[in-house]
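K.L.:
File follows, upload.pdb with PDB, C-alpha atoms:
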```pdb
MODEL        1
ATOM      1  CA  MET N 173     -36.626  96.233 -23.264
ATOM      2  CA  THR N 174     -33.059  95.017 -23.610
ATOM      3  CA  ALA N 175     -31.134  93.430 -20.751
ATOM      4  CA  THR N 176     -28.811  96.396 -20.425
ATOM      5  CA  ALA N 177     -31.691  98.865 -20.477
ATOM      6  CA  HIS N 178     -33.390  96.855 -17.764
ATOM      7  CA  ALA N 179     -30.301  97.066 -15.551
ATOM      8  CA  HIS N 180     -30.304 100.818 -16.124
ATOM      9  CA  GLU N 181     -33.966 101.134 -15.258
ATOM     10  CA  LYS N 182     -33.467  99.200 -12.024
ATOM     11  CA  GLY N 183     -31.239 102.034 -10.896
ATOM     12  CA  GLY N 184     -28.012 100.339 -11.841
ATOM     13  CA  GLY N 185     -25.045 102.416 -12.825
ATOM     14  CA  GLU N 186     -22.910 102.233 -15.917
ATOM     15  CA  LEU N 187     -20.857  99.406 -14.436
ATOM     16  CA  GLU N 188     -23.914  97.255 -13.740
ATOM     17  CA  ARG N 189     -25.284  98.004 -17.216
ATOM     18  CA  ARG N 190     -22.054  96.822 -18.817
ATOM     19  CA  LEU N 191     -21.570  93.811 -16.562
ATOM     20  CA  LEU N 192     -25.032  92.292 -16.935
ATOM     21  CA  PRO N 193     -24.493  90.594 -20.334
ATOM     22  CA  VAL N 194     -21.146  89.219 -19.138
ATOM     23  CA  TYR N 195     -22.745  87.934 -15.967
ATOM     24  CA  LEU N 196     -25.600  86.353 -17.922
ATOM     25  CA  ALA N 197     -23.127  84.523 -20.153
ATOM     26  CA  PHE N 198     -21.232  83.322 -17.077
ATOM     27  CA  LEU N 199     -24.443  82.237 -15.385
ATOM     28  CA  ILE N 200     -25.513  80.156 -18.373
ATOM     29  CA  LEU N 201     -22.124  78.581 -19.096
ATOM     30  CA  ALA N 202     -20.637  78.046 -15.614
ATOM     31  CA  PRO N 203     -22.739  75.103 -14.388
ATOM     32  CA  PHE N 204     -22.259  73.188 -17.637
ATOM     33  CA  GLY N 205     -18.533  73.927 -17.671
ATOM     34  CA  VAL N 206     -18.182  72.636 -14.118
ATOM     35  CA  ALA N 207     -20.277  69.591 -15.000
ATOM     36  CA  LEU N 208     -17.885  68.787 -17.844
ATOM     37  CA  LEU N 209     -14.903  69.237 -15.525
ATOM     38  CA  PHE N 210     -16.298  66.533 -13.269
ATOM     39  CA  LEU N 211     -16.803  64.277 -16.273
ATOM     40  CA  ASN N 212     -13.267  64.937 -17.411
ATOM     41  CA  ARG N 213     -11.786  63.696 -14.125
ATOM     42  CA  ASP N 214     -13.264  60.269 -13.929
ATOM     43  CA  THR N 215     -16.235  58.554 -15.504
ATOM     44  CA  ALA N 216     -17.323  57.567 -11.983
ATOM     45  CA  TYR N 217     -18.417  61.179 -11.543
ATOM     46  CA  LEU N 218     -20.835  60.928 -14.461
ATOM     47  CA  ARG N 219     -23.776  61.155 -12.051
ATOM     48  CA  ILE N 220     -22.529  64.506 -10.667
ATOM     49  CA  THR N 221     -22.122  65.728 -14.250
ATOM     50  CA  LEU N 222     -25.656  64.642 -15.066
ATOM     51  CA  LEU N 223     -26.990  66.181 -11.847
ATOM     52  CA  LEU N 224     -25.432  69.566 -12.608
ATOM     53  CA  ILE N 225     -26.585  69.509 -16.231
ATOM     54  CA  GLY N 226     -30.055  68.161 -15.428
ATOM     55  CA  GLY N 227     -30.633  70.633 -12.608
ATOM     56  CA  ASN N 228     -29.675  73.648 -14.687
ATOM     57  CA  LEU N 229     -31.116  72.754 -18.066
ATOM     58  CA  TYR N 230     -34.698  73.841 -17.411
ATOM     59  CA  PRO N 231     -33.896  77.181 -15.698
ATOM     60  CA  VAL N 232     -31.410  78.010 -18.493
ATOM     61  CA  TYR N 233     -33.999  77.139 -21.124
ATOM     62  CA  MET N 234     -36.686  79.238 -19.436
ATOM     63  CA  MET N 235     -34.400  82.213 -18.940
ATOM     64  CA  ILE N 236     -33.137  82.188 -22.531
ATOM     65  CA  GLN N 237     -36.720  81.772 -23.712
ATOM     66  CA  SER N 238     -37.697  84.879 -21.764
ATOM     67  CA  MET N 239     -34.839  86.827 -23.367
ATOM     68  CA  LEU N 240     -35.573  86.048 -26.993
ATOM     69  CA  PRO N 241     -37.017  88.949 -28.959
ATOM     70  CA  VAL N 242     -40.761  88.678 -29.416
ATOM     71  CA  LYS N 243     -41.674  87.987 -33.048
ATOM     72  CA  LYS N 244     -44.234  90.389 -34.483
TER      73      LYS N 244
ATOM     74  CA  MET M 251     -30.439  91.277 -32.494
ATOM     75  CA  HIS M 252     -31.350  92.722 -29.109
ATOM     76  CA  PHE M 253     -32.186  90.308 -26.372
ATOM     77  CA  GLN M 254     -34.936  91.178 -23.945
ATOM     78  CA  ALA M 255     -34.245  91.525 -20.247
ATOM     79  CA  PRO M 256     -34.438  88.081 -18.664
ATOM     80  CA  ASP M 257     -37.520  87.273 -16.677
ATOM     81  CA  PRO M 258     -36.472  88.141 -13.080
ATOM     82  CA  HIS M 259     -38.209  84.999 -11.816
ATOM     83  CA  TRP M 260     -36.129  82.653 -13.994
ATOM     84  CA  PHE M 261     -33.039  84.781 -13.562
ATOM     85  CA  ARG M 262     -33.378  84.217  -9.841
ATOM     86  CA  ARG M 263     -34.050  80.509 -10.240
ATOM     87  CA  LEU M 264     -31.034  80.053 -12.512
ATOM     88  CA  ASN M 265     -28.808  81.933 -10.056
ATOM     89  CA  HIS M 266     -29.936  79.437  -7.461
ATOM     90  CA  THR M 267     -29.386  76.235  -9.433
ATOM     91  CA  ALA M 268     -26.121  77.460 -10.983
ATOM     92  CA  ALA M 269     -24.762  78.023  -7.466
ATOM     93  CA  ALA M 270     -24.342  74.240  -7.224
ATOM     94  CA  ALA M 271     -21.271  74.728  -9.425
ATOM     95  CA  ILE M 272     -19.404  75.929  -6.322
ATOM     96  CA  ILE M 273     -18.517  72.293  -5.628
ATOM     97  CA  VAL M 274     -15.865  72.750  -8.314
ATOM     98  CA  PHE M 275     -13.811  73.715  -5.247
ATOM     99  CA  PHE M 276     -13.128  70.025  -4.686
ATOM    100  CA  LEU M 277     -11.482  69.767  -8.104
ATOM    101  CA  ILE M 278      -8.922  72.444  -7.263
ATOM    102  CA  PRO M 279      -5.587  71.052  -6.078
ATOM    103  CA  LYS M 280      -4.884  71.490  -2.351
ATOM    104  CA  GLU M 281      -2.262  74.110  -3.171
ATOM    105  CA  PRO M 282      -2.879  75.444  -6.674
ATOM    106  CA  TRP M 283       0.363  76.582  -8.339
ATOM    107  CA  GLY M 284       2.113  75.823  -5.049
ATOM    108  CA  LEU M 285       1.288  79.309  -3.831
ATOM    109  CA  LEU M 286      -1.815  79.420  -1.687
ATOM    110  CA  PRO M 287      -3.870  76.735   0.008
ATOM    111  CA  ARG M 288      -7.181  76.378  -1.783
ATOM    112  CA  TRP M 289      -9.187  77.351   1.322
ATOM    113  CA  LEU M 290      -7.453  80.722   1.311
ATOM    114  CA  LEU M 291      -8.241  81.087  -2.375
ATOM    115  CA  LEU M 292     -11.889  80.346  -1.556
ATOM    116  CA  LEU M 293     -11.949  83.066   1.097
ATOM    117  CA  MET M 294     -10.364  85.507  -1.342
ATOM    118  CA  VAL M 295     -13.000  84.699  -3.970
ATOM    119  CA  LEU M 296     -15.708  85.184  -1.321
ATOM    120  CA  MET M 297     -14.466  88.742  -0.788
ATOM    121  CA  LEU M 298     -15.851  89.780  -4.183
ATOM    122  CA  PRO M 299     -19.572  89.099  -3.552
ATOM    123  CA  LEU M 300     -19.114  90.154   0.073
ATOM    124  CA  SER M 301     -17.761  93.559  -1.000
ATOM    125  CA  VAL M 302     -20.567  93.983  -3.523
ATOM    126  CA  GLU M 303     -23.068  93.089  -0.816
ATOM    127  CA  LEU M 304     -21.586  95.506   1.716
ATOM    128  CA  VAL M 305     -21.677  98.347  -0.812
ATOM    129  CA  ARG M 306     -25.252  97.419  -1.702
ATOM    130  CA  LEU M 307     -26.308  97.390   1.942
ATOM    131  CA  LYS M 308     -24.621 100.717   2.580
ATOM    132  CA  ARG M 309     -26.429 102.274  -0.385
ATOM    133  CA  GLN M 310     -29.667 100.462   0.547
ATOM    134  CA  SER M 311     -29.985  99.636  -3.126
ATOM    135  CA  SER M 312     -31.173  96.612  -5.022
ATOM    136  CA  PHE M 313     -30.222  94.921  -8.242
ATOM    137  CA  MET M 314     -31.749  92.497 -10.638
ATOM    138  CA  GLY M 315     -32.828  89.223  -9.059
ATOM    139  CA  LEU M 316     -33.190  90.556  -5.539
ATOM    140  CA  ARG M 317     -36.538  90.695  -3.832
ATOM    141  CA  GLU M 318     -37.878  93.936  -2.419
ATOM    142  CA  TYR M 319     -37.548  92.808   1.206
ATOM    143  CA  GLU M 320     -33.862  92.037   0.672
ATOM    144  CA  LYS M 321     -33.077  95.708   0.153
ATOM    145  CA  GLY M 322     -32.205  96.397   3.758
ATOM    146  CA  ARG M 323     -30.868  92.996   4.802
ATOM    147  CA  LEU M 324     -28.293  90.448   3.795
ATOM    148  CA  SER M 325     -29.543  88.951   0.556
ATOM    149  CA  SER M 326     -30.334  85.280   0.017
ATOM    150  CA  TYR M 327     -27.442  84.697  -2.366
ATOM    151  CA  MET M 328     -25.026  85.931   0.299
ATOM    152  CA  TRP M 329     -26.539  83.578   2.874
ATOM    153  CA  PHE M 330     -26.086  80.771   0.376
ATOM    154  CA  ASN M 331     -22.475  81.756  -0.326
ATOM    155  CA  LEU M 332     -21.585  82.055   3.352
ATOM    156  CA  SER M 333     -23.025  78.676   4.307
ATOM    157  CA  ALA M 334     -21.558  76.943   1.234
ATOM    158  CA  VAL M 335     -18.125  78.376   2.035
ATOM    159  CA  MET M 336     -18.570  77.291   5.645
ATOM    160  CA  LEU M 337     -19.282  73.691   4.572
ATOM    161  CA  LEU M 338     -16.417  73.685   2.064
ATOM    162  CA  LEU M 339     -13.999  74.950   4.725
ATOM    163  CA  TRP M 340     -15.303  72.451   7.257
ATOM    164  CA  SER M 341     -14.645  69.720   4.722
ATOM    165  CA  ASP M 342     -11.255  71.032   3.648
ATOM    166  CA  LEU M 343      -9.844  71.979   7.051
ATOM    167  CA  GLY M 344     -11.953  69.766   9.276
ATOM    168  CA  ASP M 345     -13.121  66.224   8.875
ATOM    169  CA  LEU M 346     -16.510  66.630   7.204
ATOM    170  CA  PRO M 347     -16.597  64.143   4.308
ATOM    171  CA  GLN M 348     -16.680  65.798   0.904
ATOM    172  CA  GLY M 349     -19.783  63.855  -0.035
ATOM    173  CA  ILE M 350     -21.763  65.464   2.798
ATOM    174  CA  ALA M 351     -20.541  68.998   2.046
ATOM    175  CA  ALA M 352     -21.035  68.736  -1.722
ATOM    176  CA  GLY M 353     -24.343  66.881  -1.382
ATOM    177  CA  CYS M 354     -25.868  69.429   1.000
ATOM    178  CA  ILE M 355     -24.748  72.378  -1.160
ATOM    179  CA  VAL M 356     -26.254  70.854  -4.322
ATOM    180  CA  LEU M 357     -29.373  69.895  -2.358
ATOM    181  CA  ALA M 358     -29.963  73.497  -1.258
ATOM    182  CA  ALA M 359     -29.135  74.862  -4.710
ATOM    183  CA  MET M 360     -31.639  72.665  -6.519
ATOM    184  CA  VAL M 361     -34.389  71.730  -4.090
ATOM    185  CA  ASP M 362     -35.145  75.250  -2.842
ATOM    186  CA  PRO M 363     -36.174  76.512  -6.315
ATOM    187  CA  LEU M 364     -38.014  73.239  -6.918
ATOM    188  CA  LEU M 365     -40.045  73.824  -3.753
ATOM    189  CA  GLY M 366     -40.671  77.395  -4.858
ATOM    190  CA  GLU M 367     -42.076  76.166  -8.164
ATOM    191  CA  LEU M 368     -44.183  73.388  -6.641
ATOM    192  CA  LYS M 369     -45.634  75.129  -3.579
ATOM    193  CA  PRO M 370     -48.240  77.158  -5.480
ATOM    194  CA  LYS M 371     -49.589  73.860  -6.843
ATOM    195  CA  GLY M 372     -49.961  72.286  -3.410
ATOM    196  CA  ARG M 373     -47.837  72.555  -0.315
ATOM    197  CA  GLU M 374     -48.006  68.909   0.748
ATOM    198  CA  ARG M 375     -47.164  67.588  -2.686
ATOM    199  CA  ALA M 376     -44.275  70.049  -2.871
ATOM    200  CA  MET M 377     -42.877  68.753   0.403
ATOM    201  CA  VAL M 378     -43.126  65.103  -0.674
ATOM    202  CA  VAL M 379     -41.554  65.717  -4.097
ATOM    203  CA  GLY M 380     -38.936  68.028  -2.557
ATOM    204  CA  THR M 381     -37.966  65.414   0.035
ATOM    205  CA  LEU M 382     -37.650  62.691  -2.599
ATOM    206  CA  ALA M 383     -35.596  64.939  -4.889
ATOM    207  CA  ALA M 384     -33.318  65.930  -1.983
ATOM    208  CA  ALA M 385     -32.844  62.275  -0.999
ATOM    209  CA  VAL M 386     -31.938  61.332  -4.575
ATOM    210  CA  ILE M 387     -29.393  64.182  -4.720
ATOM    211  CA  LEU M 388     -27.776  63.027  -1.468
ATOM    212  CA  ALA M 389     -27.805  59.418  -2.662
ATOM    213  CA  LEU M 390     -25.951  60.501  -5.814
ATOM    214  CA  PHE M 391     -23.149  61.580  -3.486
ATOM    215  CA  ASP M 392     -22.929  58.050  -2.095
ATOM    216  CA  ILE M 393     -24.934  58.766   1.046
ATOM    217  CA  GLN M 394     -26.967  55.723   2.018
ATOM    218  CA  LEU M 395     -30.699  56.160   1.417
ATOM    219  CA  TYR M 396     -31.573  55.428   5.059
ATOM    220  CA  TYR M 397     -29.527  58.493   6.021
ATOM    221  CA  ALA M 398     -30.323  60.515   2.913
ATOM    222  CA  LEU M 399     -34.084  60.281   3.393
ATOM    223  CA  PRO M 400     -34.264  61.679   6.968
ATOM    224  CA  ALA M 401     -31.643  64.307   6.083
ATOM    225  CA  ALA M 402     -33.709  65.333   3.056
ATOM    226  CA  ALA M 403     -36.917  65.449   5.095
ATOM    227  CA  LEU M 404     -35.165  67.592   7.722
ATOM    228  CA  ALA M 405     -33.898  69.999   5.057
ATOM    229  CA  VAL M 406     -37.332  70.389   3.456
ATOM    230  CA  TYR M 407     -39.088  70.667   6.835
ATOM    231  CA  ALA M 408     -36.579  73.232   8.117
ATOM    232  CA  GLU M 409     -37.067  75.281   4.959
ATOM    233  CA  GLN M 410     -40.686  75.903   5.950
ATOM    234  CA  PHE M 411     -39.721  77.931   8.998
ATOM    235  CA  GLN M 412     -39.456  81.631   8.399
ATOM    236  CA  LEU M 413     -36.732  82.581  10.842
ATOM    237  CA  ARG M 414     -36.058  86.244  11.360
ATOM    238  CA  ASN M 415     -32.279  86.058  11.358
ATOM    239  CA  LEU M 416     -31.531  83.040   9.196
ATOM    240  CA  ASP M 417     -32.309  82.576   5.537
ATOM    241  CA  ASP M 418     -33.679  79.288   4.207
ATOM    242  CA  ASP M 419     -30.715  79.074   1.829
ATOM    243  CA  MET M 420     -28.482  78.641   4.849
ATOM    244  CA  ILE M 421     -30.855  76.383   6.789
ATOM    245  CA  MET M 422     -31.228  73.969   3.865
ATOM    246  CA  GLN M 423     -27.478  73.426   3.759
ATOM    247  CA  VAL M 424     -26.577  73.450   7.425
ATOM    248  CA  VAL M 425     -29.409  71.335   8.879
ATOM    249  CA  PRO M 426     -28.857  68.205   6.721
ATOM    250  CA  ALA M 427     -25.078  68.643   6.946
ATOM    251  CA  LEU M 428     -25.211  68.691  10.761
ATOM    252  CA  PHE M 429     -27.505  65.673  10.809
ATOM    253  CA  LEU M 430     -25.310  63.672   8.420
ATOM    254  CA  ALA M 431     -22.137  64.736  10.229
ATOM    255  CA  LEU M 432     -23.677  63.545  13.499
ATOM    256  CA  CYS M 433     -24.600  60.196  11.910
ATOM    257  CA  TRP M 434     -21.098  59.939  10.545
ATOM    258  CA  VAL M 435     -19.482  60.608  13.942
ATOM    259  CA  ILE M 436     -21.839  58.389  15.926
ATOM    260  CA  GLY M 437     -21.426  55.684  13.308
ATOM    261  CA  ASP M 438     -17.773  55.283  14.246
ATOM    262  CA  ASN M 439     -16.811  56.665  10.828
ATOM    263  CA  SER M 440     -17.072  53.303   9.188
ATOM    264  CA  SER M 441     -19.815  51.020  10.376
ATOM    265  CA  LEU M 442     -22.845  53.217   9.663
ATOM    266  CA  LEU M 443     -21.724  55.098   6.609
ATOM    267  CA  PRO M 444     -18.838  53.258   5.020
ATOM    268  CA  GLU M 445     -19.349  54.977   1.652
ATOM    269  CA  LEU M 446     -18.978  58.397   3.177
ATOM    270  CA  SER M 447     -15.606  57.702   4.690
ATOM    271  CA  SER M 448     -14.279  56.477   1.393
ATOM    272  CA  ILE M 449     -15.819  59.002  -0.975
ATOM    273  CA  SER M 450     -13.449  61.529  -2.389
ATOM    274  CA  ILE M 451     -14.567  63.767  -5.198
ATOM    275  CA  SER M 452     -11.154  65.285  -5.641
ATOM    276  CA  PRO M 453      -8.622  63.280  -7.584
ATOM    277  CA  TYR M 454      -5.989  65.256  -5.679
ATOM    278  CA  GLY M 455      -7.042  63.847  -2.334
ATOM    279  CA  GLY M 456      -8.853  65.563   0.490
ATOM    280  CA  GLY M 457     -11.235  62.779   1.272
ATOM    281  CA  SER M 458      -9.989  59.804   3.163
TER     282      SER M 458
ENDMDL
END
```
Mind turning this structure into structure tokens?
P.N.:
Amino acid sequence: MTATAHAHEKGGGELERRLLPVYLAFLILAPFGVALLFLNRDTAYLRITLLLIGGNLYPVYMMIQSMLPVKK
Amino acid sequence: MHFQAPDPHWFRRLNHTAAAAIIVFFLIPKEPWGLLPRWLLLLMVLMLPLSVELVRLKRQSSFMGLREYEKGRLSSYMWFNLSAVMLLLWSDLGDLPQGIAAGCIVLAAMVDPLLGELKPKGRERAMVVGTLAAAVILALFDIQLYYALPAAALAVYAEQFQLRNLDDDMIMQVVPALFLALCWVIGDNSSLLPELSSISISPYGGGS
């Protein structure tokens, strides 16, 4: 089942169905973008950058893994 | 290529850990574009999820990532947002050091899902690992380990309580923040936690 179809099945309306892929992209990119912003300010904030990247890497990996089409 | 629907479990976990990105607030200038103070901007941004939540509650509906029991009550993500905004405002308008606010928000964002993953494998081990992880997170925000460790233990211990009216997402942020704020005040702002009084994440000021 595709992500948009899933949103539809959960009782979501047209808006939710359309917004889900956008939200997923935001969810995956936002923490890494913010992490890079901290790095960009001052190298002293490298540990906050690493914390944000390290803390989100595994959940992002697992979620993307669960979204990949199953090979037959 | 059609992607599958994400696994709701990992979708929920990622929502939780990604919420740590809210500390980007401290990188926003005090008055972006010289128009609005950033705390007002934060409240305006909060209106979006709050409106969605109010509509959801009115319709008694649910959407992806929510648990069944959250259908008729304020959802966990809203509890998290409200308490994170509260800490950010306390830091921006009050005198809570940025390191405490940011540290406690990141702690709740990352340690709660970690506990959720570890608990099925053993509750005691989960609590020990969770406490250590929380202490390391606080220490990364320049909070001394002898304050970070009890604050972390308090956060993990408080998370165990299933309170009727308060969500653990709020408890895990507020309890260590109150403890650290108390240490900071009692410590005469300098002698006990000198790093906290000098830490400032924002290059635009805001910390002391």
K.L.:
What does the structure give for the distance between atom CA of N:Asn228 and atom CA of N:Leu201, in Å to one decimal?
P.N.:
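Separation of atom CA of N:Asn228 and atom CA of N:Leu201: 10.0 Å.
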K.L.:
For each of M:Ala431, M:Ala403, M:Ile436, M:Val335, take the minimum atom-to-atom distance to M:Gly349, counting only C-alpha atoms, then give the residue where this is smallest.
P.N.:
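Selected residue with least distance to M:Gly349: M:Ala431.
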K.L.:
So how far away is atom CA of M:Ser341 from atom CA of M:Arg262, in Å?
P.N.:
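Here the two named atoms are 27.8 Å from each other.
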K.L.:
Translate the PyMOL selection byres ((chain N and resi 227) around 12), as applied to the file shown, into an explicit residue set as an MDAnalysis selection string.
P.N.:
(chainID N and resid 203:204 207 219:226 228:233) or (chainID M and resid 263:271 356:364 383:384 387)
K.L.:
What residues have an atom no more than 7 Å from (-17.1, 72.8, -11.3) in the file's own frame, counting only C-alpha atoms, and can you write them as a VMD selection string?
P.N.:
(chain N and resid 203 205 to 207 209 to 210) or (chain M and resid 271 to 275)
K.L.:
Could you take the residues named above and write them with C-alpha atoms, as a short mmCIF file (atom, residue, chain, number, x, y, z; two decimals), in the coordinates of the input?
P.N.:
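So the final result, stored in out-v7.cif, reads:
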```
data_model
loop_
_atom_site.label_atom_id
_atom_site.label_comp_id
_atom_site.auth_asym_id
_atom_site.auth_seq_id
_atom_site.Cartn_x
_atom_site.Cartn_y
_atom_site.Cartn_z
CA PRO N 203 -22.74 75.10 -14.39
CA GLY N 205 -18.53 73.93 -17.67
CA VAL N 206 -18.18 72.64 -14.12
CA ALA N 207 -20.28 69.59 -15.00
CA LEU N 209 -14.90 69.24 -15.52
CA PHE N 210 -16.30 66.53 -13.27
CA ALA M 271 -21.27 74.73 -9.43
CA ILE M 272 -19.40 75.93 -6.32
CA ILE M 273 -18.52 72.29 -5.63
CA VAL M 274 -15.86 72.75 -8.31
CA PHE M 275 -13.81 73.72 -5.25
#
```
K.L.:
Which value, in Å to one decimal, gives the distance between atom CA of M:Gln254 and atom CA of M:Tyr327?
P.N.:
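Between these atoms lies a distance of 23.7 Å.
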K.L.:
Please, what is the axis-aligned box for every listed atom of stretch 375-389 of chain M with 8 Å on each side, as centre and edge lengths in Å to one decimal, as lines of an AutoDock Vina configuration file?
P.N.:
```
center_x = -37.5
center_y = 64.7
center_z = -2.2
size_x = 35.4
size_y = 26.6
size_z = 21.3
```
K.L.:
Rank nothing, just name the residue among M:Leu290, M:Arg323, M:Ala398, M:Phe330 nearest to M:Phe429, using all atoms listed in the file.
P.N.:
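Ranked by minimum distance to M:Phe429, first place goes to M:Ala398.
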K.L.:
Identify which of the residues M:Met294, M:Leu277, M:Leu304, M:Ala376 lies closest to N:Leu208, counting all atoms listed in the file when measuring atom-to-atom distances.
P.N.:
M:Leu277
K.L.:
Where does the PyMOL selection byres ((chain M and resi 407) around 10) land in this file, that is, which residues does it pick, as a ChimeraX atom specification?
P.N.:
/M:377,380-381,401-406,408-411,422,425
K.L.:
Take the PyMOL selection byres ((chain M and resi 354) around 8), apply it to the structure above, and return the hits as a list in words.
P.N.:
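On this input, the PyMOL selection byres ((chain M and resi 354) around 8) captures Ile350, Ala351, Ala352, Gly353, Ile355, Val356, Leu357, Ala358, Leu388, Met422, Gln423, Val424, Pro426 and Ala427 of chain M.
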K.L.:
Which neighbours of N:Met239 fall inside 7 Å, counting all atoms listed in the file, when residues of the same chain fewer than 4 positions from it are skipped, and could you give them as a list in words?
P.N.:
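Final neighbour list, sorted by chain and number: Met235 of chain N; Phe253, Gln254, Ala255 and Pro256 of chain M.
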K.L.:
Counting all atoms listed in the file, what is within 10 Å of M:Trp340, bar same-chain residues fewer than 6 positions away, as a compact mmCIF listing (two decimals) with C-alpha atoms, in the coordinates of the input?
P.N.:
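Here's the written file part-v2.txt:
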```txt
# COMPACT_ATOMS: atom_id res chain seq x y z
CA TRP M 289 -9.19 77.35 1.32
CA ALA M 334 -21.56 76.94 1.23
CA LEU M 346 -16.51 66.63 7.20
CA PRO M 347 -16.60 64.14 4.31
CA GLN M 348 -16.68 65.80 0.90
CA ALA M 351 -20.54 69.00 2.05
```
K.L.:
Provide stretch 401-416 of chain M rebuilt to N, CA, C and O atoms, formatted as an mmCIF file, in the coordinates of the input.
P.N.:
```cif
data_model
loop_
_atom_site.group_PDB
_atom_site.id
_atom_site.type_symbol
_atom_site.label_atom_id
_atom_site.label_comp_id
_atom_site.auth_asym_id
_atom_site.auth_seq_id
_atom_site.Cartn_x
_atom_site.Cartn_y
_atom_site.Cartn_z
ATOM 1 N N ALA M 401 -32.355 63.037 6.262
ATOM 2 C CA ALA M 401 -31.643 64.307 6.083
ATOM 3 C C ALA M 401 -32.417 65.204 5.114
ATOM 4 O O ALA M 401 -32.563 66.414 5.332
ATOM 5 N N ALA M 402 -32.937 64.582 4.041
ATOM 6 C CA ALA M 402 -33.709 65.333 3.056
ATOM 7 C C ALA M 402 -34.993 65.870 3.670
ATOM 8 O O ALA M 402 -35.361 67.026 3.457
ATOM 9 N N ALA M 403 -35.669 65.019 4.457
ATOM 10 C CA ALA M 403 -36.917 65.449 5.095
ATOM 11 C C ALA M 403 -36.642 66.601 6.055
ATOM 12 O O ALA M 403 -37.401 67.576 6.110
ATOM 13 N N LEU M 404 -35.538 66.512 6.799
ATOM 14 C CA LEU M 404 -35.165 67.592 7.722
ATOM 15 C C LEU M 404 -34.932 68.900 6.963
ATOM 16 O O LEU M 404 -35.379 69.962 7.390
ATOM 17 N N ALA M 405 -34.208 68.796 5.846
ATOM 18 C CA ALA M 405 -33.898 69.999 5.057
ATOM 19 C C ALA M 405 -35.172 70.657 4.555
ATOM 20 O O ALA M 405 -35.342 71.879 4.662
ATOM 21 N N VAL M 406 -36.088 69.837 4.017
ATOM 22 C CA VAL M 406 -37.332 70.389 3.456
ATOM 23 C C VAL M 406 -38.233 70.928 4.574
ATOM 24 O O VAL M 406 -38.841 71.987 4.444
ATOM 25 N N TYR M 407 -38.262 70.220 5.706
ATOM 26 C CA TYR M 407 -39.088 70.667 6.835
ATOM 27 C C TYR M 407 -38.535 71.969 7.411
ATOM 28 O O TYR M 407 -39.292 72.902 7.699
ATOM 29 N N ALA M 408 -37.207 72.029 7.541
ATOM 30 C CA ALA M 408 -36.579 73.232 8.117
ATOM 31 C C ALA M 408 -36.784 74.440 7.208
ATOM 32 O O ALA M 408 -36.846 75.576 7.686
ATOM 33 N N GLU M 409 -36.895 74.181 5.905
ATOM 34 C CA GLU M 409 -37.067 75.281 4.959
ATOM 35 C C GLU M 409 -38.394 76.014 5.175
ATOM 36 O O GLU M 409 -38.522 77.187 4.839
ATOM 37 N N GLN M 410 -39.355 75.312 5.758
ATOM 38 C CA GLN M 410 -40.686 75.903 5.950
ATOM 39 C C GLN M 410 -40.686 77.021 6.989
ATOM 40 O O GLN M 410 -41.507 77.915 6.952
ATOM 41 N N PHE M 411 -39.728 76.936 7.929
ATOM 42 C CA PHE M 411 -39.721 77.931 8.998
ATOM 43 C C PHE M 411 -39.185 79.263 8.486
ATOM 44 O O PHE M 411 -38.148 79.314 7.843
ATOM 45 N N GLN M 412 -39.919 80.294 8.774
ATOM 46 C CA GLN M 412 -39.456 81.631 8.399
ATOM 47 C C GLN M 412 -38.764 82.245 9.613
ATOM 48 O O GLN M 412 -39.397 82.844 10.468
ATOM 49 N N LEU M 413 -37.465 82.031 9.707
ATOM 50 C CA LEU M 413 -36.732 82.581 10.842
ATOM 51 C C LEU M 413 -36.307 84.013 10.524
ATOM 52 O O LEU M 413 -35.965 84.334 9.395
ATOM 53 N N ARG M 414 -36.345 84.832 11.558
ATOM 54 C CA ARG M 414 -36.058 86.244 11.360
ATOM 55 C C ARG M 414 -34.598 86.470 10.931
ATOM 56 O O ARG M 414 -34.320 87.256 10.043
ATOM 57 N N ASN M 415 -33.694 85.753 11.581
ATOM 58 C CA ASN M 415 -32.279 86.058 11.358
ATOM 59 C C ASN M 415 -31.553 85.101 10.421
ATOM 60 O O ASN M 415 -30.416 85.342 10.070
ATOM 61 N N LEU M 416 -32.209 84.010 10.065
ATOM 62 C CA LEU M 416 -31.531 83.040 9.196
ATOM 63 C C LEU M 416 -32.337 82.827 7.924
ATOM 64 O O LEU M 416 -33.551 82.685 7.965
#
```
